[in-house]
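Peer 1: Below is the structure I would like to discuss, written out as structure tokens.
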Amino acid sequence: MIRTTSLPLAVICLLLSLSAFADDWPAFMGPNANGVAPDQGINKNWAQKPPQVLWQAPLGDNGYAGPSVADGKVFIIDHEGANDIVKALDLGTGDEVWSFSYPDTQKYLYGFARATPVFDAGRLYTLSRLGLLHCLNAETGEKIWSRNIQAEFGGQRPKWDYAMSPLVDGEKLIVCPGGSGASVAALNKQTGETIWTGGGSDISGYATPVVATLHGQKQYVVFTGVSLIGVEAATGKLLWRVVWRTKHDVNAAMPIVGGNFIFITSGYGHGCALVEITPQGPDVVWSNKLIISHFGVPIYYGYVYGTSDTGHLVCLHSGNGTAMWQQPGFQKGGIVAVDGVLIVMNDKNGDVVMVTASHEGYQELGRVKPLGGQSWTAPIIADGKLIIRNKQALACLDLM
């Protein structure tokens, strides 16, 4: 049931706290898993002082895997020949520090690996599109352990392969095999051993899971191929479920959780919705087609900002779902927020655009095109640096 309400979406604001790890971007969507960088004092006069490109590094995957940053290194999964190559690059220079390879001999399909490497306590966790999960020594690239989440959990690989990033939560590593009784699995992050499987039997989606506490109960919010679910963190028990079917079973944008509310969006003309998790179960508060996101994750920064398959950058009031403004020219580009501004990619031509984060209207502060070409990968920010990629290269820009 859809009902109208005016919600103070201070409720989605788990999201704006500063982190002790301000210099790093250790996992997908950053240090607080919300696409918001804690950096302050950046250069906002791009029109007269465009950011300098510090370095570029070639990539061979012709795809979209995202980078992460920790301990002065940029981590990314590339591809050469018949192998995926996990690379660690020096954040200051772009030079390769180490690499680790494993086989992926299947044919090219919009690139190869899709997931962002996850850094935690000196270890790096990576997931291949075929379900190969590795734990590496982040300093040396040496393998510590590995598992195959498709083969070992009877997972159903999505049509466009596994794309979600692993999620570290305490001593657990959360993955989404999409198997029978194993839509979600929790592993021991130190050893790789299975702690539990659960979450029902939904096929896997493409979105990275989210840690949340709803009505005092810690859980993982997971966007599967066919629904939005809540999974008890301690046991894997399925707590609630909202059916959300899209064309080709593509639910790819990570949910935004705040308070007891969850914002979701999917592409193929499906749209977006705000779901409230009540003591009686989930309730859809509103839904519309103002943000139709194929895979780009919107950001809550006082309002919801996101790129839509309609080609617009949209500022959305999350309480009632109304658009505050819409600006054409962005397609499926990614977005990051920092120091009161948004940095948004135009996926078709490679423009990187700085926009004031305000609900009062679209105000552009400048744009640059350091790489050009198609980019479906969200930009990231670490140590005052902006890191972007297109299908052929990674680039690092100075934000200060």
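As shown in the structure tokens, the chain order sets the letters A, B, ...; within each chain, residues go from 1, and ligands are also counted from 1 in the order they appear.
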Counting only C-alpha atoms, what is within 8 Å of region 34-44 of chain A, bar same-chain residues fewer than 4 positions away, as a list in words?

Peer 2: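 Contacts, in chain order: Leu15, Leu16, Leu18, Ser19, Ala22, Asp23, Met29, Gly30, Lys49, Pro51, Ile256, Ile299, Tyr300, Tyr301, Ile335, Val336, Ala337, Val338, Asp339, Met354, Leu365, Ile380, Ile381, Ala382, Asp383, Gly384, Leu399 and Met400 of chain A.
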
Peer 1: Could the residues in this selection be saved with C-alpha atoms as a PDB file, in the first residue's frame?

Peer 2:
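Result file follows (part-v4.pdb):
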ATOM      1  CA  LEU A  15      25.052   9.237   6.919  1.00  0.00           C
ATOM      2  CA  LEU A  16      26.722  12.494   7.655  1.00  0.00           C
ATOM      3  CA  LEU A  18      32.696  12.295  10.220  1.00  0.00           C
ATOM      4  CA  SER A  19      34.972   9.284  10.296  1.00  0.00           C
ATOM      5  CA  ALA A  22      38.944  10.536   6.901  1.00  0.00           C
ATOM      6  CA  ASP A  23      41.879   9.990   4.541  1.00  0.00           C
ATOM      7  CA  MET A  29      30.574   4.020  -1.035  1.00  0.00           C
ATOM      8  CA  GLY A  30      33.352   5.146   1.272  1.00  0.00           C
ATOM      9  CA  LYS A  49      40.897  26.809 -11.157  1.00  0.00           C
ATOM     10  CA  PRO A  51      41.674  20.447 -10.580  1.00  0.00           C
ATOM     11  CA  ILE A 256      19.996   4.042   1.495  1.00  0.00           C
ATOM     12  CA  ILE A 299      23.307   9.937  -2.038  1.00  0.00           C
ATOM     13  CA  TYR A 300      21.425  11.361   0.916  1.00  0.00           C
ATOM     14  CA  TYR A 301      22.917  14.765   1.739  1.00  0.00           C
ATOM     15  CA  ILE A 335      28.027  10.732  -7.777  1.00  0.00           C
ATOM     16  CA  VAL A 336      29.965  11.580  -4.614  1.00  0.00           C
ATOM     17  CA  ALA A 337      29.346  14.300  -2.003  1.00  0.00           C
ATOM     18  CA  VAL A 338      32.018  16.306  -0.191  1.00  0.00           C
ATOM     19  CA  ASP A 339      32.233  19.598   1.716  1.00  0.00           C
ATOM     20  CA  MET A 354      30.966  20.034  -9.509  1.00  0.00           C
ATOM     21  CA  LEU A 365      30.619  25.285 -10.123  1.00  0.00           C
ATOM     22  CA  ILE A 380      35.704   8.368  -5.032  1.00  0.00           C
ATOM     23  CA  ILE A 381      37.597  10.777  -2.757  1.00  0.00           C
ATOM     24  CA  ALA A 382      40.535  10.014  -0.459  1.00  0.00           C
ATOM     25  CA  ASP A 383      43.179  12.252   1.135  1.00  0.00           C
ATOM     26  CA  GLY A 384      41.989  15.310  -0.781  1.00  0.00           C
ATOM     27  CA  LEU A 399      40.891  18.516  -4.987  1.00  0.00           C
ATOM     28  CA  MET A 400      42.744  20.954  -2.771  1.00  0.00           C
TER      29      MET A 400
END

Peer 1: Neighbouring residues of region 157-171 of chain A were defined as those with any atom within 6 Å, considering only C-alpha atoms; residues of the same chain fewer than 4 positions away were excluded. Please report them as a short mmCIF file (atom, residue, chain, number, x, y, z; two decimals) with C-alpha atoms, in the first residue's frame.

Peer 2:
data_model
loop_
_atom_site.label_atom_id
_atom_site.label_comp_id
_atom_site.auth_asym_id
_atom_site.auth_seq_id
_atom_site.Cartn_x
_atom_site.Cartn_y
_atom_site.Cartn_z
CA ARG A 114 32.62 -5.45 -11.26
CA ALA A 115 33.10 -5.30 -7.49
CA THR A 116 35.09 -2.79 -5.44
CA ARG A 129 32.14 -11.70 -11.43
CA VAL A 175 28.38 -12.04 0.66
CA LYS A 189 36.69 -12.68 7.80
CA TYR A 206 23.87 -6.65 -7.95
CA ALA A 207 23.73 -4.27 -4.98
CA THR A 208 26.14 -4.26 -2.04
#

Peer 1: Write out as a list in words the residues lying within 10 Å of region 148-155 of chain A, counting only C-alpha atoms and excluding same-chain residues fewer than 6 positions away.

Peer 2: Leu127, Ser128, Leu130, Gly131, Leu132, Leu133, His134, Tyr162, Val175, Cys176, Pro177, Gly178, Gly179, Ser180, Gly181, Ala182, Ser183, Val184, Ala185, Thr197, Ser201, Asp202, Ile203 and Ser204 of chain A

Peer 1: Mind checking DSSP for region 4-243 of chain A and telling me the helix (DSSP H, G or I) residues as a count of residues only?

Peer 2: 5

Peer 1: Select, from A:Lys391, A:Gly361, A:Val355, A:Gly311, the residue with the minimum atom-to-atom distance to Met324 (chain A), counting only C-alpha atoms.

Peer 2: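 The shortest atom-to-atom distance to Met324 (chain A) comes from A:Gly361.
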
Peer 1: Do a neighbour search on Tyr362 (chain A) at 8 Å with only C-alpha atoms, toss out local chain neighbours closer than 5 positions, and write the hits as a PyMOL selection string.

Peer 2: chain A and resi 325-327+355-356

Peer 1: Rounded to one decimal, what separation in Å do you get between CA of Gln219 (chain A) and CA of Thr235 (chain A)?

Peer 2: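 We find that CA of Gln219 (chain A) and CA of Thr235 (chain A) lie 9.5 Å from each other.
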
Peer 1: Show which residues sit within 12 Å of Gln280 (chain A), as a list of chain:residue names. Count only C-alpha atoms, and ignore same-chain residues fewer than 5 positions away.

Peer 2: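 After dropping sequence-adjacent residues, the list is A:His215, A:Leu239, A:Trp240, A:Arg241.
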
Peer 1: Produce a file of the selected residues containing C-alpha atoms, as a PDB file, in the first residue's frame.

Peer 2:
ATOM      1  CA  HIS A 215      13.709  -1.117  15.709  1.00  0.00           C
ATOM      2  CA  LEU A 239      13.082 -10.843   9.064  1.00  0.00           C
ATOM      3  CA  TRP A 240      11.006  -9.123   6.384  1.00  0.00           C
ATOM      4  CA  ARG A 241      10.659  -8.924   2.610  1.00  0.00           C
TER       5      ARG A 241
END

Peer 1: Which residues come within 7 Å of Ser375 (chain A), counting only C-alpha atoms, excluding same-chain residues fewer than 4 positions away, as a PyMOL selection string?

Peer 2: chain A and resi 333+347-348+350+389-391

Peer 1: Would you save the residues from that selection as an mmCIF file, in the first residue's frame, using C-alpha atoms?

Peer 2:
data_model
loop_
_atom_site.group_PDB
_atom_site.id
_atom_site.type_symbol
_atom_site.label_atom_id
_atom_site.label_comp_id
_atom_site.auth_asym_id
_atom_site.auth_seq_id
_atom_site.Cartn_x
_atom_site.Cartn_y
_atom_site.Cartn_z
ATOM 1 C CA GLY A 333 26.885 8.739 -14.152
ATOM 2 C CA ASP A 347 28.647 8.714 -18.188
ATOM 3 C CA LYS A 348 28.551 9.383 -21.943
ATOM 4 C CA GLY A 350 33.390 11.769 -19.309
ATOM 5 C CA ARG A 389 37.924 5.898 -14.227
ATOM 6 C CA ASN A 390 36.660 5.304 -17.736
ATOM 7 C CA LYS A 391 36.919 2.014 -19.624
#

Peer 1: Mind the document's chain letters and residue numbers, and return as a compact mmCIF listing (two decimals) with N, CA and C atoms, in the first residue's frame the residues of region 186-355 of chain A that DSSP labels strand (DSSP E or B).

Peer 2:
# COMPACT_ATOMS: atom_id res chain seq x y z
N ALA A 186 27.26 -15.40 5.75
CA ALA A 186 28.22 -14.72 6.62
C ALA A 186 29.42 -15.64 6.82
N LEU A 187 30.61 -15.11 6.55
CA LEU A 187 31.84 -15.87 6.71
C LEU A 187 32.69 -15.23 7.80
N ASN A 188 33.58 -16.01 8.39
CA ASN A 188 34.58 -15.47 9.28
C ASN A 188 35.62 -14.74 8.44
N THR A 194 32.42 -20.62 7.04
CA THR A 194 31.02 -20.21 7.06
C THR A 194 30.51 -20.08 8.49
N ILE A 195 29.89 -18.95 8.79
CA ILE A 195 29.23 -18.74 10.08
C ILE A 195 27.76 -19.10 9.97
N TRP A 196 27.08 -18.60 8.95
CA TRP A 196 25.70 -18.98 8.67
C TRP A 196 25.35 -18.72 7.22
N THR A 197 24.32 -19.36 6.75
CA THR A 197 23.68 -19.03 5.47
C THR A 197 22.22 -18.76 5.78
N GLY A 198 21.59 -17.87 5.00
CA GLY A 198 20.20 -17.55 5.27
C GLY A 198 19.66 -16.50 4.33
N VAL A 210 23.83 -3.61 3.13
CA VAL A 210 23.98 -2.50 4.06
C VAL A 210 23.76 -3.01 5.49
N VAL A 211 24.61 -2.59 6.43
CA VAL A 211 24.39 -2.88 7.85
C VAL A 211 23.40 -1.86 8.40
N ALA A 212 22.40 -2.32 9.14
CA ALA A 212 21.41 -1.40 9.70
C ALA A 212 20.90 -1.94 11.04
N THR A 213 20.42 -1.03 11.87
CA THR A 213 19.69 -1.41 13.08
C THR A 213 18.30 -0.81 12.96
N LEU A 214 17.30 -1.66 12.80
CA LEU A 214 15.92 -1.24 12.61
C LEU A 214 15.11 -1.73 13.80
N GLN A 217 17.02 -3.91 16.19
CA GLN A 217 17.49 -5.22 15.74
C GLN A 217 18.52 -5.05 14.64
N LYS A 218 19.76 -5.51 14.89
CA LYS A 218 20.80 -5.40 13.89
C LYS A 218 20.54 -6.38 12.76
N GLN A 219 20.70 -5.89 11.54
CA GLN A 219 20.38 -6.71 10.37
C GLN A 219 21.14 -6.23 9.15
N TYR A 220 21.07 -7.04 8.10
CA TYR A 220 21.63 -6.65 6.81
C TYR A 220 20.48 -6.40 5.85
N VAL A 221 20.48 -5.22 5.26
CA VAL A 221 19.48 -4.88 4.26
C VAL A 221 20.07 -5.24 2.90
N VAL A 222 19.38 -6.12 2.19
CA VAL A 222 19.92 -6.70 0.97
C VAL A 222 18.92 -6.51 -0.17
N PHE A 223 19.38 -5.98 -1.29
CA PHE A 223 18.58 -5.84 -2.50
C PHE A 223 18.88 -7.04 -3.38
N SER A 227 13.74 -8.78 -4.68
CA SER A 227 13.10 -8.16 -3.51
C SER A 227 14.12 -7.41 -2.66
N LEU A 228 13.59 -6.64 -1.73
CA LEU A 228 14.36 -6.01 -0.67
C LEU A 228 14.12 -6.81 0.60
N ILE A 229 15.19 -7.25 1.27
CA ILE A 229 15.01 -8.09 2.45
C ILE A 229 15.84 -7.58 3.62
N GLY A 230 15.39 -7.96 4.83
CA GLY A 230 16.15 -7.73 6.05
C GLY A 230 16.54 -9.07 6.63
N VAL A 231 17.84 -9.24 6.94
CA VAL A 231 18.37 -10.51 7.41
C VAL A 231 19.02 -10.31 8.78
N GLU A 232 18.60 -11.06 9.76
CA GLU A 232 19.15 -10.93 11.11
C GLU A 232 20.65 -11.16 11.10
N LEU A 238 15.57 -14.62 7.94
CA LEU A 238 14.86 -13.63 7.14
C LEU A 238 13.83 -12.93 8.02
N LEU A 239 13.94 -11.61 8.16
CA LEU A 239 13.08 -10.84 9.06
C LEU A 239 11.88 -10.23 8.35
N TRP A 240 12.07 -9.76 7.15
CA TRP A 240 11.01 -9.12 6.38
C TRP A 240 11.39 -9.11 4.90
N ARG A 241 10.40 -8.87 4.06
CA ARG A 241 10.66 -8.92 2.61
C ARG A 241 9.66 -8.05 1.87
N VAL A 242 10.16 -7.25 0.91
CA VAL A 242 9.33 -6.45 0.03
C VAL A 242 9.64 -6.89 -1.40
N VAL A 243 8.66 -7.42 -2.09
CA VAL A 243 8.88 -7.84 -3.47
C VAL A 243 9.11 -6.60 -4.34
N ILE A 256 19.62 3.02 0.51
CA ILE A 256 20.00 4.04 1.49
C ILE A 256 19.12 3.82 2.72
N VAL A 257 19.77 3.60 3.87
CA VAL A 257 19.03 3.32 5.11
C VAL A 257 19.25 4.45 6.09
N GLY A 258 18.15 4.93 6.71
CA GLY A 258 18.25 5.91 7.77
C GLY A 258 17.06 5.78 8.70
N PHE A 261 13.76 3.79 7.81
CA PHE A 261 13.35 4.01 6.43
C PHE A 261 14.44 3.59 5.46
N ILE A 262 14.03 3.12 4.30
CA ILE A 262 14.96 2.66 3.27
C ILE A 262 14.53 3.21 1.92
N PHE A 263 15.47 3.89 1.25
CA PHE A 263 15.21 4.38 -0.11
C PHE A 263 15.83 3.41 -1.10
N ILE A 264 15.05 3.02 -2.11
CA ILE A 264 15.54 2.11 -3.14
C ILE A 264 15.20 2.66 -4.52
N THR A 265 15.98 2.26 -5.50
CA THR A 265 15.70 2.64 -6.88
C THR A 265 16.27 1.58 -7.83
N SER A 266 15.59 1.39 -8.94
CA SER A 266 16.01 0.44 -9.97
C SER A 266 15.74 1.03 -11.35
N GLY A 271 11.78 2.79 -11.34
CA GLY A 271 11.60 3.94 -10.47
C GLY A 271 12.21 3.78 -9.09
N CYS A 272 11.63 4.50 -8.12
CA CYS A 272 12.18 4.52 -6.77
C CYS A 272 11.06 4.49 -5.74
N ALA A 273 11.43 4.23 -4.49
CA ALA A 273 10.43 4.15 -3.42
C ALA A 273 11.08 4.38 -2.08
N LEU A 274 10.28 4.79 -1.12
CA LEU A 274 10.68 4.85 0.29
C LEU A 274 9.89 3.80 1.04
N VAL A 275 10.61 2.93 1.72
CA VAL A 275 10.00 1.84 2.47
C VAL A 275 10.23 2.09 3.96
N GLU A 276 9.17 2.03 4.74
CA GLU A 276 9.30 2.10 6.20
C GLU A 276 9.20 0.70 6.78
N ILE A 277 10.14 0.36 7.64
CA ILE A 277 10.09 -0.92 8.35
C ILE A 277 9.44 -0.66 9.70
N THR A 278 8.24 -1.16 9.87
CA THR A 278 7.47 -0.96 11.09
C THR A 278 7.55 -2.23 11.94
N GLY A 281 5.91 -4.90 10.12
CA GLY A 281 6.45 -5.30 8.83
C GLY A 281 6.72 -4.10 7.94
N PRO A 282 7.14 -4.33 6.70
CA PRO A 282 7.48 -3.22 5.80
C PRO A 282 6.24 -2.57 5.20
N ASP A 283 6.36 -1.26 4.93
CA ASP A 283 5.27 -0.50 4.33
C ASP A 283 5.87 0.47 3.32
N VAL A 284 5.40 0.44 2.09
CA VAL A 284 5.86 1.39 1.06
C VAL A 284 5.18 2.73 1.30
N VAL A 285 5.97 3.74 1.62
CA VAL A 285 5.44 5.07 1.94
C VAL A 285 5.06 5.81 0.67
N TRP A 286 5.96 5.80 -0.32
CA TRP A 286 5.66 6.38 -1.63
C TRP A 286 6.53 5.71 -2.68
N SER A 287 6.12 5.82 -3.92
CA SER A 287 6.95 5.36 -5.04
C SER A 287 6.66 6.22 -6.26
N ASN A 288 7.66 6.43 -7.10
CA ASN A 288 7.48 7.19 -8.33
C ASN A 288 8.63 6.88 -9.29
N ILE A 299 22.70 9.53 -3.30
CA ILE A 299 23.31 9.94 -2.04
C ILE A 299 22.30 10.77 -1.25
N TYR A 300 22.21 10.50 0.05
CA TYR A 300 21.42 11.36 0.92
C TYR A 300 22.36 12.39 1.53
N VAL A 304 17.86 13.65 -1.23
CA VAL A 304 18.41 12.58 -2.06
C VAL A 304 18.83 13.17 -3.39
N TYR A 305 20.09 12.93 -3.76
CA TYR A 305 20.61 13.35 -5.05
C TYR A 305 20.99 12.10 -5.83
N GLY A 306 20.55 12.02 -7.08
CA GLY A 306 20.88 10.85 -7.86
C GLY A 306 20.74 11.11 -9.35
N THR A 307 21.47 10.35 -10.13
CA THR A 307 21.32 10.39 -11.58
C THR A 307 20.27 9.37 -11.98
N HIS A 312 18.79 12.81 -16.21
CA HIS A 312 18.77 13.94 -15.29
C HIS A 312 19.55 13.66 -14.01
N LEU A 313 20.15 14.72 -13.47
CA LEU A 313 20.55 14.75 -12.07
C LEU A 313 19.37 15.31 -11.31
N VAL A 314 18.92 14.58 -10.27
CA VAL A 314 17.68 14.91 -9.58
C VAL A 314 17.95 15.18 -8.11
N CYS A 315 17.33 16.24 -7.58
CA CYS A 315 17.30 16.49 -6.14
C CYS A 315 15.89 16.15 -5.66
N LEU A 316 15.80 15.17 -4.77
CA LEU A 316 14.51 14.62 -4.37
C LEU A 316 14.26 14.85 -2.88
N ALA A 323 10.25 16.12 -6.51
CA ALA A 323 11.51 16.62 -7.06
C ALA A 323 11.66 18.10 -6.74
N MET A 324 12.78 18.47 -6.12
CA MET A 324 13.07 19.87 -5.87
C MET A 324 13.60 20.52 -7.15
N TRP A 325 14.41 19.77 -7.89
CA TRP A 325 14.85 20.20 -9.21
C TRP A 325 15.39 19.01 -9.99
N GLN A 326 15.44 19.16 -11.33
CA GLN A 326 15.99 18.15 -12.22
C GLN A 326 16.82 18.85 -13.28
N GLN A 327 18.03 18.33 -13.53
CA GLN A 327 18.93 18.93 -14.50
C GLN A 327 19.35 17.89 -15.53
N PRO A 328 19.09 18.13 -16.82
CA PRO A 328 19.47 17.15 -17.84
C PRO A 328 20.98 17.12 -18.07
N ILE A 335 28.10 9.50 -8.56
CA ILE A 335 28.03 10.73 -7.78
C ILE A 335 28.71 10.52 -6.43
N VAL A 336 29.38 11.58 -5.95
CA VAL A 336 29.96 11.58 -4.61
C VAL A 336 29.72 12.96 -4.02
N ALA A 337 29.56 13.03 -2.69
CA ALA A 337 29.35 14.30 -2.00
C ALA A 337 30.54 14.60 -1.11
N VAL A 338 30.89 15.90 -1.03
CA VAL A 338 32.02 16.31 -0.19
C VAL A 338 31.92 17.80 0.09
N VAL A 341 29.32 20.06 -1.60
CA VAL A 341 29.13 19.99 -3.05
C VAL A 341 28.97 18.53 -3.49
N LEU A 342 28.47 18.37 -4.71
CA LEU A 342 28.40 17.07 -5.35
C LEU A 342 29.40 17.05 -6.50
N ILE A 343 30.04 15.91 -6.70
CA ILE A 343 30.86 15.71 -7.89
C ILE A 343 30.21 14.57 -8.66
N VAL A 344 29.78 14.87 -9.88
CA VAL A 344 28.94 13.96 -10.65
C VAL A 344 29.58 13.67 -12.00
N MET A 345 29.52 12.41 -12.43
CA MET A 345 30.02 12.02 -13.74
C MET A 345 28.90 12.06 -14.76
N VAL A 352 33.28 15.60 -15.68
CA VAL A 352 33.21 15.52 -14.22
C VAL A 352 32.75 16.89 -13.76
N VAL A 353 31.58 16.95 -13.11
CA VAL A 353 30.91 18.22 -12.86
C VAL A 353 30.79 18.46 -11.36
N MET A 354 31.16 19.66 -10.90
CA MET A 354 30.97 20.03 -9.51
C MET A 354 29.70 20.87 -9.39
N VAL A 355 28.82 20.49 -8.46
CA VAL A 355 27.51 21.11 -8.30
C VAL A 355 27.30 21.43 -6.82

Peer 1: For Gly267 (chain A), please output as number ranges by chain all residues within 8 Å (counting only C-alpha atoms; exclusion window: fewer than 4 positions along the same chain).

Peer 2: A: 246, 250-251, 271, 292-295, 309

Peer 1: Go ahead and compute the interatomic distance for CA of Phe119 (chain A) and CA of Asn62 (chain A), in Å to one decimal.

Peer 2: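 Going from CA of Phe119 (chain A) over to CA of Asn62 (chain A) covers 23.7 Å.
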
Peer 1: My list of candidates is A:Thr93, A:Gln363, A:Thr224, A:Thr191. Which is closest to Ala57 (chain A) when distances are computed with only C-alpha atoms?

Peer 2: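 Closest to Ala57 (chain A), using only C-alpha atoms: A:Thr93.
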
Peer 1: From the options A:Asn349, A:Ser146, A:Gln106, A:Ser358, which residue's atoms come nearest to Gly302 (chain A), counting only C-alpha atoms?

Peer 2: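 Of A:Asn349, A:Ser146, A:Gln106, A:Ser358, the one nearest Gly302 (chain A) is A:Ser358, counting only C-alpha atoms.
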
Peer 1: Would you mind reading off the distance between CA of Pro298 (chain A) and CA of Gly63 (chain A), one decimal, in Å?

Peer 2: 20.9 Å

Peer 1: Looking at A:Arg147, A:His270, A:Lys237, A:Lys385, which one is nearest to Gly192 (chain A), with distances taken over only C-alpha atoms?

Peer 2: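 Closest to Gly192 (chain A) of all the choices is A:Arg147.
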
Peer 1: Pick from A:Asp104, A:Ala33, A:Gln56, A:Arg123: nearest to Ala70 (chain A), with only C-alpha atoms counted?

Peer 2: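 Checking each candidate against Ala70 (chain A), we get A:Arg123 as the closest.
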